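For reference, the structure is listed below as structure tokens.
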Amino acid sequence: MATMNMIQAINSAMDVMLTRDPNVLVFGEDVGYFGGVFRATEGLQKKHGVKRCFDTPIGEGGIVAVAIGMGAYGLRPIVEIQFADYIYPAFDQLVSEAARLRYRSAGDFFAPMTVRTPYGGGIFGGQTHSQSPEAIFTHVAGLKTVIPSTPYDAKGLLISAIEDNDPVIFLEPKRIYNGPFDGHHDRPVQPWSKHPASEVPDGYYKVPLGKAAVVREGNDLTILAYGTMVHVALASTEDAGLDAEVIDLRSLLPLDIDTVTKSVEKTGRCVIVHEATRTSGFGAELAALVQENCFYHLEAPIERVTGWDTPYPHAFEWDYFPGPKRVVEAMRRVMEA
Amino acid sequence: MATMNMIQAINSAMDVMLTRDPNVLVFGEDVGYFGGVFRATEGLQKKHGVKRCFDTPIGEGGIVAVAIGMGAYGLRPIVEIQFADYIYPAFDQLVSEAARLRYRSAGDFFAPMTVRTPYGGGIFGGQTHSQSPEAIFTHVAGLKTVIPSTPYDAKGLLISAIEDNDPVIFLEPKRIYNGPFDGHHDRPVQPWSKHPASEVPDGYYKVPLGKAAVVREGNDLTILAYGTMVHVALASTEDAGLDAEVIDLRSLLPLDIDTVTKSVEKTGRCVIVHEATRTSGFGAELAALVQENCFYHLEAPIERVTGWDTPYPHAFEWDYFPGPKRVVEAMRRVMEA
Amino acid sequence: MKNRKPLSLHIPEPEARPGEQPDFSAIKVPEAGSVRRPDPDAPDHEIRDLAYSLIRVLDDKAAAVGPWNPRLDPETLRRGLRVMMLTRAYDDRMYRAQRQGKTSFYMKCTGEEACSIAAAFALDRDDMCFPSYRQQGILIARGYPLVTMMCQVYSNELDPLKGRQLPIMYSSKKNSFFTISGNLGTQFPQAVGWAMASAYKGDDRIAASWIGDGTTAEGDFHQALNFASVYRAPVILNVVNNQWAISSFSGFAGGEETTFASRAIGYGLPGLRVDGNDFLAVYAATDWAATRARNNNGATLIELYTYRAEGHSTSDDPTRYRPSDEWKAWPLGDPIERLKDHLIALGEWSEERHEQTQKEVVEEVRAANKEAESHGVLGGDKKPSVKTMFEDVYEEMPWHLRRQRQQLGV
Amino acid sequence: MKNRKPLSLHIPEPEARPGEQPDFSAIKVPEAGSVRRPDPDAPDHEIRDLAYSLIRVLDDKAAAVGPWNPRLDPETLRRGLRVMMLTRAYDDRMYRAQRQGKTSFYMKCTGEEACSIAAAFALDRDDMCFPSYRQQGILIARGYPLVTMMCQVYSNELDPLKGRQLPIMYSSKKNSFFTISGNLGTQFPQAVGWAMASAYKGDDRIAASWIGDGTTAEGDFHQALNFASVYRAPVILNVVNNQWAISSFSGFAGGEETTFASRAIGYGLPGLRVDGNDFLAVYAATDWAATRARNNNGATLIELYTYRAEGHSTSDDPTRYRPSDEWKAWPLGDPIERLKDHLIALGEWSEERHEQTQKEVVEEVRAANKEAESHGVLGGDKKPSVKTMFEDVYEEMPWHLRRQRQQLGV
Ligand SMILES: Cc1ncc(C[n+]2csc(CCOP(=O)(O)OP(=O)(O)O)c2C)c(N)n1
Ligand SMILES: Cc1ncc(C[n+]2csc(CCOP(=O)(O)OP(=O)(O)O)c2C)c(N)n1
Ligand SMILES: [Mg+2]
Ligand SMILES: [Mg+2]
């Protein structure tokens, strides 16, 4: 056991897998000698060699295409897209290729690759270093989409993703790399070390894909969240003084529908929180599923608290970010309804 | 007035605009001398000259990027992406550029362009000539997404899109280019000429973006549809012998929420139909919005009838396509609930 | 505006349109044997001239001449000829099947057979191929059963791809033939990745990929060449320049300004420009590039100069955009005729044996088709179980797909 | 596996890492004046050699020599020098401001000033520029107010971009300066589109764009060159090769194998390789390409060979991946020093006037910053109205954004 922040946990997951499996390799922009702009691959090249962890040209499409070819050969590439905002040049290779190989070749070929990429705002990155594109990937049959909210989950989920034989989009909430940010940007930053989930085994372990975590049990209402928003949801529960059940989805696809349904059937009320823009965000799918599965238990409209349908504005992060204030308001509305 | 099928109506819209506005030009793969693989630009190069309607390299990213640059200069480019399945190489230019110019430059620059692209299945095109990617574009702040269901609307909406100062993704339901296919693939194909909406003015007229059409008034339930599915919804209403109110959204974004809300408040029941894969499809956003806006009027769970979460399989089109049989079943479930 | 001459926009135009005389006068065809053959390990900057010449082995008298002559034994040449004839017969039969409504779509490679088949002969059987939809010749060269190919075209009960793919989008890992994509060019950088993996593992298998002239315009073309250059990947990147991309001539891919082979130069890669209708030239160039790759000297870009003799696909009507008799005027002839004449010139073949072989391949195709059709054609009821529609989206079927399968009641 | 030598994967490595001696011995620097200057209308295939040479005008004695000497009058040279000095002073001040917590982020162009400023001098004021984040020099050369630039960097109440953009992502249509994107390379093909539009309209304005060496790896680089080639667009495509892409040296963009200028060759475009720290060489090459474009002879790719003297951005620490004193060893020196020495050699400048000017520009920047800060810095309360966050997503605000604005209560 060691105390790790999320970057260290992610680094440890790759280190463990590079050590266990000679077919695992890591590449992306600045991930080699430098160790990545967020330091996620720090030390991996030195320890495992330049052929196991190396830099690439700045061509996200090429990075993903090459990983697909390697996967078809039999390797398990882990690629880093420096920011989720820059994954779009690789979109065709992800949607038309990585996601489709297995189906169109009837299992002959597949792409056992993991695409790691930091997402989300709250670091004054402006509109091209803050986006949350997860919903788009959940619309693509053949892709899995995973988002951790703690160091422990990050390592366990990443190892599961690496060993998965399907392509996994592994979105890392960069705002909580170094501490469990709860949306109270005016308060001092908390380090992970104070959080129980920073206790991370040094070695190999997995957190399964497709299983959500009930991070707080409660009876008043259900909050569905993932990534940074899990911590915002918990803080909002405190602030609201309500007995909310907070569910950390962890995998968006496959989704743990049973845990979601069970909770909403119990509480009858549901608030969905994400940082991505609202329209056609993953909250829409969650709302649709919840009303399909729990209609007769619902006592209030399902609320979505999300980023606004605008780019992420540099100077207005805290007006844009769906923080505790807005979540609490939504919780109250849902309770009063 | 003339009788036009949808291809002719789309061709006429571009012809009218090329004639009215010297800043309008049309380009894309095979759209020039040949007139497009679906004949949408037939005769335009001959009539307006090679500089107004021409072929391009097979680089969707370049096509859209060049259109953005032309828009920044002051032109109004209309580009054709040969199949919606092939729009992904242009995804970054659409999402990060066309959609963002106005915002990031505070109105200094914008992209008054129209991206025409045939979408949807039912023509045995297999998984790469059948996709319906509309939901993805509705998640992108800064883009408008429009889908016509008749020749009359196609021309009027396309002219509105061309004159709009924001980038518009204009998705054309290729299955109904030549006739209003209602999902009964086992019945003889109907030509547009038998349909009132094939009466199309020769000249300039507009159908406004952001306005839905109630194509059938009814009291039992509301069906939300667009493109080919509008005709499937109407046929299903017949088949089910139910008094459904059928709404053709026409614009997905901006969405005509008032027409949707008004209808569901009246009927209390709602079925959403689209051909795109189900998870995180536009039906999810519609379901989320309907339950947010009409919760207290809803008497049954909102149902989604959609394509399955698989690629579009060549040999199983009619098992994949959400035809009348599945829509009728959903209508019955919603009525019996 | 200042007092300057106005700018004007250039739009490329092909030499001839329907109703006009085919005009290939702009094409310079060098003498067979006239192009030097450098050492396969020569530095790229010493061989840039090869991107602007045209490697040819078969001369006008059907003799094999010059430094690129691979000196293949007659038996190999006869096998090559037969595979090309078989491929053309297969194409003709499948084209007819589509016209007869037995399938939805078909694409021929007529006139381009050497581009895939001679290359397949020069490669090892386990070198990995990442083809486009016009390299069915590779599968036939490698002995993949015609019946199986036809079952894919018919999406019938024996279709190895379970009715999921458009006709001709074959896949066969056993034959080192990558699953064909409908999205142009995506396989080019994937081939580079496969080759990088082979190098990473210290394997000795190389990769080869094929795209068309029009497809060079996709961003993936650039990704492939750049990654191949940076990591010196053991891969052969073929551009089949058949002059047309559906209705657009190669000028819309940049072919008006220079050669496609010369694209290699800016990446520090060798670019070879080859007579794609010359079986021996294609073999020799592929062999040269394979040797280079196996010696850890990295990738080669090969432009295979040929002509698309028929329509782009069964959905296309080429008489709408080019003179109908253009192929007859094509200066590089027909790869089958040229190899046939060569074998005859060698005294290793005759008109009679050729006719005999033609009968055989047609019969072989007919018999295969009979068997394939007995397992169903598109739209018939002999097809894979509908259940399979939900399989292979993921390795394990997630709950939402299981639920959807139940909803469909299968 | 057959009995063959195993393949191996090549991973590029830079000459020197932290702790090692800077080593630029591999860089061949030709004599100033030694490269021929062909006619700007010369066919591309006659001038391929220019992609492999290095156009230089200022020699070691700071004299302007050779056919590329633009023969600029001393007044113009002094203006150029002053703009470069002003730009460097501006960068230093804004860098400090970031360190002082007055903004979130900043990027300097130190050492690369000539690449943008000399080009701006050679272009017309209304030629349209599509820059990356390292061409702030263009705005300063065109007289865009420093205060306005600073207000953008501070996202304050006078920020013309209303606090929406990351610092340095300027936009000024009035100055024919396109809105900078955070997404690398997207502006390259957009510039081609703008140039095509200008040609379509019979206008006489041309376009110019700048990207970095690392960015050449994006698919948009290929789109730009290919569309520019096919339609002969009047555009100048600049690659600022400053040797580094954050922590990755240019070898990861293909720079290990050949020059970036040579990328032009495969598109039938001229490629010029230019000493990017030589104000006169950059001016002359830009002028040559502009003349060619205005004569309807299409696009030119210019590689500006320079060195990124400082960190990639305020978020970067270059001592982690390269020798800290590498810039000192850079064989092409400092563009400001070289132009200064040239003016002194001409007898048109002196150490005293230089010091005087240095004082002036620092004072100009100080005063501008004082005024800018009086309108607020990032995180302060003097910023645009929050309302504006919902504006300009579309020309007219749709209902859902109006509703969201109400929800925020602004
Ligand atoms: C990304 C993408 N864009 C467009 C298409 C439509 N399309 C299919 S084949 C083709 C022409 C390809 O021409 P070329 O590359 O020369 O290959 P050829 O057909 O001549 O062998 C086009 C435009 C596609 N399949 N994929
Ligand atoms: C599409 C995309 N991928 C990655 C990044 C992250 N990024 C920002 S700058 C940079 C390096 C660019 O290097 P270069 O093109 O040489 O320009 P320079 O910074 O040296 O001027 C990277 C990788 C980005 N902004 N956009
Ligand atoms: Mg072709
Ligand atoms: Mg650089």
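Chain labels A, B, ... are given in the sequence in which chains occur in the structure tokens; within each chain residues are numbered consecutively from 1, and ligands are likewise numbered from 1 in the order shown.
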- Compile the contact shell of Asp159 of chain D as number ranges by chain: residues with an atom at most 7 Å away, counting only C-alpha atoms, same-chain residues fewer than 6 positions apart removed. D: 148, 151-152
Let's have the selection written as a compact mmCIF listing (two decimals), in the first residue's frame, with N, CA and C atoms.
```
# COMPACT_ATOMS: atom_id res chain seq x y z
N THR D 148 -4.49 46.62 -25.86
CA THR D 148 -5.57 45.68 -26.23
C THR D 148 -5.10 44.24 -26.12
N CYS D 151 -5.03 43.38 -22.50
CA CYS D 151 -6.38 43.19 -21.95
C CYS D 151 -6.88 41.79 -22.31
N GLN D 152 -6.48 41.28 -23.48
CA GLN D 152 -6.86 39.90 -23.84
C GLN D 152 -6.15 38.93 -22.91
```
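Within segment 66-179 of chain B, DSSP applied to the backbone places the following residues in strand (DSSP E): Arg76, Pro77, Ile78, Val79, Glu80, Thr114, Val115, Arg116, Thr117, Pro118, Tyr119, Lys144, Thr145, Val146, Val168, Ile169, Phe170, Leu171, Glu172 and Pro173 of chain B.
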Using only N, CA and C atoms, please write the residues we just selected to a file, as a PDB file, in the first residue's frame.
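The resulting again-v3.pdb:
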```
ATOM      1  N   ARG B  76     -20.325  32.052 -49.002  1.00  0.00           N
ATOM      2  CA  ARG B  76     -21.295  31.146 -48.376  1.00  0.00           C
ATOM      3  C   ARG B  76     -21.182  29.774 -49.003  1.00  0.00           C
ATOM      4  N   PRO B  77     -20.152  29.026 -48.625  1.00  0.00           N
ATOM      5  CA  PRO B  77     -19.960  27.729 -49.263  1.00  0.00           C
ATOM      6  C   PRO B  77     -21.007  26.694 -48.840  1.00  0.00           C
ATOM      7  N   ILE B  78     -21.398  25.896 -49.809  1.00  0.00           N
ATOM      8  CA  ILE B  78     -22.210  24.701 -49.552  1.00  0.00           C
ATOM      9  C   ILE B  78     -21.313  23.518 -49.887  1.00  0.00           C
ATOM     10  N   VAL B  79     -21.022  22.676 -48.917  1.00  0.00           N
ATOM     11  CA  VAL B  79     -20.189  21.520 -49.219  1.00  0.00           C
ATOM     12  C   VAL B  79     -21.006  20.249 -49.075  1.00  0.00           C
ATOM     13  N   GLU B  80     -20.670  19.269 -49.899  1.00  0.00           N
ATOM     14  CA  GLU B  80     -21.312  17.959 -49.783  1.00  0.00           C
ATOM     15  C   GLU B  80     -20.297  16.965 -49.235  1.00  0.00           C
ATOM     16  N   THR B 114     -22.831  25.626 -45.125  1.00  0.00           N
ATOM     17  CA  THR B 114     -23.786  24.536 -45.020  1.00  0.00           C
ATOM     18  C   THR B 114     -23.102  23.237 -45.423  1.00  0.00           C
ATOM     19  N   VAL B 115     -23.200  22.240 -44.563  1.00  0.00           N
ATOM     20  CA  VAL B 115     -22.633  20.932 -44.860  1.00  0.00           C
ATOM     21  C   VAL B 115     -23.777  19.982 -45.168  1.00  0.00           C
ATOM     22  N   ARG B 116     -23.948  19.671 -46.435  1.00  0.00           N
ATOM     23  CA  ARG B 116     -24.980  18.719 -46.861  1.00  0.00           C
ATOM     24  C   ARG B 116     -24.409  17.314 -46.824  1.00  0.00           C
ATOM     25  N   THR B 117     -25.174  16.378 -46.276  1.00  0.00           N
ATOM     26  CA  THR B 117     -24.686  15.000 -46.323  1.00  0.00           C
ATOM     27  C   THR B 117     -25.835  14.006 -46.208  1.00  0.00           C
ATOM     28  N   PRO B 118     -25.872  13.001 -47.096  1.00  0.00           N
ATOM     29  CA  PRO B 118     -26.894  11.968 -47.036  1.00  0.00           C
ATOM     30  C   PRO B 118     -26.636  11.046 -45.840  1.00  0.00           C
ATOM     31  N   TYR B 119     -27.709  10.687 -45.133  1.00  0.00           N
ATOM     32  CA  TYR B 119     -27.532   9.819 -43.967  1.00  0.00           C
ATOM     33  C   TYR B 119     -28.634   8.763 -43.964  1.00  0.00           C
ATOM     34  N   LYS B 144     -25.718  24.053 -35.937  1.00  0.00           N
ATOM     35  CA  LYS B 144     -27.147  23.796 -36.085  1.00  0.00           C
ATOM     36  C   LYS B 144     -27.307  22.501 -36.865  1.00  0.00           C
ATOM     37  N   THR B 145     -28.336  21.742 -36.523  1.00  0.00           N
ATOM     38  CA  THR B 145     -28.562  20.456 -37.186  1.00  0.00           C
ATOM     39  C   THR B 145     -29.985  20.392 -37.708  1.00  0.00           C
ATOM     40  N   VAL B 146     -30.090  20.155 -39.008  1.00  0.00           N
ATOM     41  CA  VAL B 146     -31.376  20.213 -39.695  1.00  0.00           C
ATOM     42  C   VAL B 146     -31.580  18.939 -40.511  1.00  0.00           C
ATOM     43  N   VAL B 168     -24.348  25.069 -40.522  1.00  0.00           N
ATOM     44  CA  VAL B 168     -25.496  24.174 -40.429  1.00  0.00           C
ATOM     45  C   VAL B 168     -25.135  22.802 -40.995  1.00  0.00           C
ATOM     46  N   ILE B 169     -25.367  21.767 -40.190  1.00  0.00           N
ATOM     47  CA  ILE B 169     -25.230  20.397 -40.674  1.00  0.00           C
ATOM     48  C   ILE B 169     -26.593  19.999 -41.228  1.00  0.00           C
ATOM     49  N   PHE B 170     -26.640  19.800 -42.534  1.00  0.00           N
ATOM     50  CA  PHE B 170     -27.907  19.518 -43.222  1.00  0.00           C
ATOM     51  C   PHE B 170     -27.912  18.054 -43.633  1.00  0.00           C
ATOM     52  N   LEU B 171     -28.598  17.240 -42.837  1.00  0.00           N
ATOM     53  CA  LEU B 171     -28.588  15.795 -43.057  1.00  0.00           C
ATOM     54  C   LEU B 171     -29.762  15.396 -43.935  1.00  0.00           C
ATOM     55  N   GLU B 172     -29.453  14.703 -45.025  1.00  0.00           N
ATOM     56  CA  GLU B 172     -30.482  14.331 -45.989  1.00  0.00           C
ATOM     57  C   GLU B 172     -30.795  12.835 -45.897  1.00  0.00           C
ATOM     58  N   PRO B 173     -32.048  12.498 -45.580  1.00  0.00           N
ATOM     59  CA  PRO B 173     -32.424  11.081 -45.460  1.00  0.00           C
ATOM     60  C   PRO B 173     -32.432  10.407 -46.830  1.00  0.00           C
TER      61      PRO B 173
END
```
Throw together the list of residues within 6 Å of ligand 1, counting only C-alpha atoms and all ligand atoms, and drop it here as a PDB file with N, CA, C and O atoms, in the first residue's frame.
```pdb
ATOM      1  N   ILE B  58     -10.400  13.953 -52.083  1.00  0.00           N
ATOM      2  CA  ILE B  58     -11.109  13.131 -51.113  1.00  0.00           C
ATOM      3  C   ILE B  58     -10.481  13.352 -49.742  1.00  0.00           C
ATOM      4  O   ILE B  58      -9.709  12.543 -49.237  1.00  0.00           O
ATOM      5  N   TYR B  86     -18.862   9.419 -43.670  1.00  0.00           N
ATOM      6  CA  TYR B  86     -17.505   9.882 -44.003  1.00  0.00           C
ATOM      7  C   TYR B  86     -17.246  11.306 -43.540  1.00  0.00           C
ATOM      8  O   TYR B  86     -16.309  11.965 -43.976  1.00  0.00           O
TER       9      TYR B  86
ATOM     10  N   ARG C 134     -10.086  -2.970 -53.789  1.00  0.00           N
ATOM     11  CA  ARG C 134      -9.767  -3.383 -55.157  1.00  0.00           C
ATOM     12  C   ARG C 134      -8.590  -4.352 -55.219  1.00  0.00           C
ATOM     13  O   ARG C 134      -7.942  -4.495 -56.247  1.00  0.00           O
ATOM     14  N   GLY C 182     -14.849   0.489 -45.235  1.00  0.00           N
ATOM     15  CA  GLY C 182     -15.521   1.352 -46.200  1.00  0.00           C
ATOM     16  C   GLY C 182     -14.965   2.755 -46.168  1.00  0.00           C
ATOM     17  O   GLY C 182     -15.175   3.536 -47.094  1.00  0.00           O
ATOM     18  N   ASN C 183     -14.251   3.090 -45.115  1.00  0.00           N
ATOM     19  CA  ASN C 183     -13.703   4.439 -44.974  1.00  0.00           C
ATOM     20  C   ASN C 183     -12.330   4.492 -45.613  1.00  0.00           C
ATOM     21  O   ASN C 183     -11.406   3.810 -45.173  1.00  0.00           O
ATOM     22  N   LEU C 184     -12.198   5.300 -46.608  1.00  0.00           N
ATOM     23  CA  LEU C 184     -10.979   5.314 -47.407  1.00  0.00           C
ATOM     24  C   LEU C 184      -9.747   5.674 -46.614  1.00  0.00           C
ATOM     25  O   LEU C 184      -9.753   6.644 -45.843  1.00  0.00           O
ATOM     26  N   ILE C 211      -3.801   1.840 -51.326  1.00  0.00           N
ATOM     27  CA  ILE C 211      -4.916   2.797 -51.430  1.00  0.00           C
ATOM     28  C   ILE C 211      -4.945   3.312 -52.867  1.00  0.00           C
ATOM     29  O   ILE C 211      -4.003   3.101 -53.637  1.00  0.00           O
ATOM     30  N   GLY C 212      -6.003   4.009 -53.210  1.00  0.00           N
ATOM     31  CA  GLY C 212      -6.112   4.555 -54.550  1.00  0.00           C
ATOM     32  C   GLY C 212      -5.549   5.963 -54.643  1.00  0.00           C
ATOM     33  O   GLY C 212      -5.260   6.600 -53.626  1.00  0.00           O
ATOM     34  N   ASP C 213      -5.405   6.456 -55.872  1.00  0.00           N
ATOM     35  CA  ASP C 213      -4.891   7.808 -56.101  1.00  0.00           C
ATOM     36  C   ASP C 213      -5.756   8.845 -55.368  1.00  0.00           C
ATOM     37  O   ASP C 213      -5.239   9.738 -54.698  1.00  0.00           O
ATOM     38  N   GLY C 214      -7.066   8.695 -55.471  1.00  0.00           N
ATOM     39  CA  GLY C 214      -7.941   9.673 -54.828  1.00  0.00           C
ATOM     40  C   GLY C 214      -7.781   9.677 -53.316  1.00  0.00           C
ATOM     41  O   GLY C 214      -7.823  10.737 -52.679  1.00  0.00           O
ATOM     42  N   THR C 215      -7.538   8.513 -52.764  1.00  0.00           N
ATOM     43  CA  THR C 215      -7.453   8.366 -51.308  1.00  0.00           C
ATOM     44  C   THR C 215      -6.206   9.019 -50.727  1.00  0.00           C
ATOM     45  O   THR C 215      -6.166   9.314 -49.530  1.00  0.00           O
ATOM     46  N   ASN C 242      -5.009   4.603 -60.578  1.00  0.00           N
ATOM     47  CA  ASN C 242      -5.769   4.126 -61.753  1.00  0.00           C
ATOM     48  C   ASN C 242      -6.460   5.293 -62.450  1.00  0.00           C
ATOM     49  O   ASN C 242      -7.432   5.111 -63.152  1.00  0.00           O
ATOM     50  N   TRP C 244      -8.553   7.503 -61.820  1.00  0.00           N
ATOM     51  CA  TRP C 244      -9.894   7.976 -61.480  1.00  0.00           C
ATOM     52  C   TRP C 244     -10.275   7.664 -60.042  1.00  0.00           C
ATOM     53  O   TRP C 244      -9.888   6.643 -59.487  1.00  0.00           O
ATOM     54  N   ALA C 245     -11.039   8.578 -59.446  1.00  0.00           N
ATOM     55  CA  ALA C 245     -11.675   8.394 -58.145  1.00  0.00           C
ATOM     56  C   ALA C 245     -13.162   8.617 -58.376  1.00  0.00           C
ATOM     57  O   ALA C 245     -13.600   9.766 -58.452  1.00  0.00           O
ATOM     58  N   ILE C 246     -13.896   7.550 -58.519  1.00  0.00           N
ATOM     59  CA  ILE C 246     -15.260   7.641 -59.043  1.00  0.00           C
ATOM     60  C   ILE C 246     -15.203   8.529 -60.282  1.00  0.00           C
ATOM     61  O   ILE C 246     -14.558   8.167 -61.264  1.00  0.00           O
ATOM     62  N   HIS C 312     -16.473   2.556 -61.483  1.00  0.00           N
ATOM     63  CA  HIS C 312     -15.974   2.529 -60.107  1.00  0.00           C
ATOM     64  C   HIS C 312     -16.587   1.359 -59.340  1.00  0.00           C
ATOM     65  O   HIS C 312     -15.911   0.656 -58.596  1.00  0.00           O
TER      66      HIS C 312
END
```
- Using only C-alpha atoms, select each residue of chain A with any atom at most 10 Å away from an atom of chain C, and give the selection as a PyMOL selection string. chain A and resi 22-23+25+51-52+56-75+77+89-90+92-93+96-97+99-110+141-144+164-167+210+253-258
- Item | Exercise answer, chain D residues close to chain C, 8 Å and only C-alpha atoms, as a PyMOL selection string | chain D and resi 1-2+4-12+196+198-204+217-220+222-223+226+229-234+251-254+256-268+294-296
Pull the closest atom pair for each residue of chain B that gets at most 6 Å from chain A, along with the distance in Å to one decimal, counting only C-alpha atoms, ordering rows by chain and then ascending residue number, as JSON lines.
```
{"residue": "B:Tyr88", "atom": "CA", "partner": "A:Asp92", "partner_atom": "CA", "distance": 4.8}
{"residue": "B:Pro89", "atom": "CA", "partner": "A:Asp92", "partner_atom": "CA", "distance": 5.5}
{"residue": "B:Asp92", "atom": "CA", "partner": "A:Tyr88", "partner_atom": "CA", "distance": 4.8}
{"residue": "B:Ile136", "atom": "CA", "partner": "A:Ile136", "partner_atom": "CA", "distance": 5.9}
{"residue": "B:His139", "atom": "CA", "partner": "A:Ser280", "partner_atom": "CA", "distance": 4.9}
{"residue": "B:Ala141", "atom": "CA", "partner": "A:Thr310", "partner_atom": "CA", "distance": 5.5}
{"residue": "B:Thr279", "atom": "CA", "partner": "A:His139", "partner_atom": "CA", "distance": 5.4}
{"residue": "B:Ser280", "atom": "CA", "partner": "A:His139", "partner_atom": "CA", "distance": 4.9}
{"residue": "B:Ala284", "atom": "CA", "partner": "A:Glu285", "partner_atom": "CA", "distance": 4.7}
{"residue": "B:Glu285", "atom": "CA", "partner": "A:Ala284", "partner_atom": "CA", "distance": 4.7}
{"residue": "B:Ala287", "atom": "CA", "partner": "A:Ala288", "partner_atom": "CA", "distance": 5.3}
{"residue": "B:Ala288", "atom": "CA", "partner": "A:Ala287", "partner_atom": "CA", "distance": 5.3}
{"residue": "B:Glu292", "atom": "CA", "partner": "A:Pro301", "partner_atom": "CA", "distance": 5.5}
{"residue": "B:Phe295", "atom": "CA", "partner": "A:Pro301", "partner_atom": "CA", "distance": 5.7}
{"residue": "B:Pro301", "atom": "CA", "partner": "A:Glu292", "partner_atom": "CA", "distance": 5.5}
{"residue": "B:Asp309", "atom": "CA", "partner": "A:Ala141", "partner_atom": "CA", "distance": 5.5}
{"residue": "B:Thr310", "atom": "CA", "partner": "A:Ala141", "partner_atom": "CA", "distance": 5.5}
```
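What separates atom CA of Gly126 of chain B from atom CA of Tyr312 of chain B is a distance of 5.9 Å.
A straight line drawn from atom CA of Glu13 of chain D to atom CA of Val239 of chain D is 21.5 Å long.
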- Assign secondary structure with DSSP using the backbone only, and return the residues of segment 54-147 of chain A in alpha helix (DSSP H) as a PyMOL selection string. chain A and resi 60-73+91-92+101-104+134-138
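Coordinates place atom CA of Thr150 of chain B at a distance of 11.4 Å from atom CA of Ala213 of chain B.
The neighbours of Phe321 of chain A here are the residues that come within 9 Å of it, using only C-alpha atoms and leaving out any residue fewer than 5 positions away in the same chain; they are A:Gly121, A:Gly122, A:Gly183, A:Glu275, A:Thr306, A:Gly307, A:Trp308, A:Tyr312, A:Phe316.
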- Task: Please provide as a ChimeraX atom specification all residues within 8 Å of Val264 of chain B, with the sequence filter that same-chain residues fewer than 2 positions apart are discarded (counting only C-alpha atoms).
- Result: /B:221-222,260-262,266-270,290,294,297-298
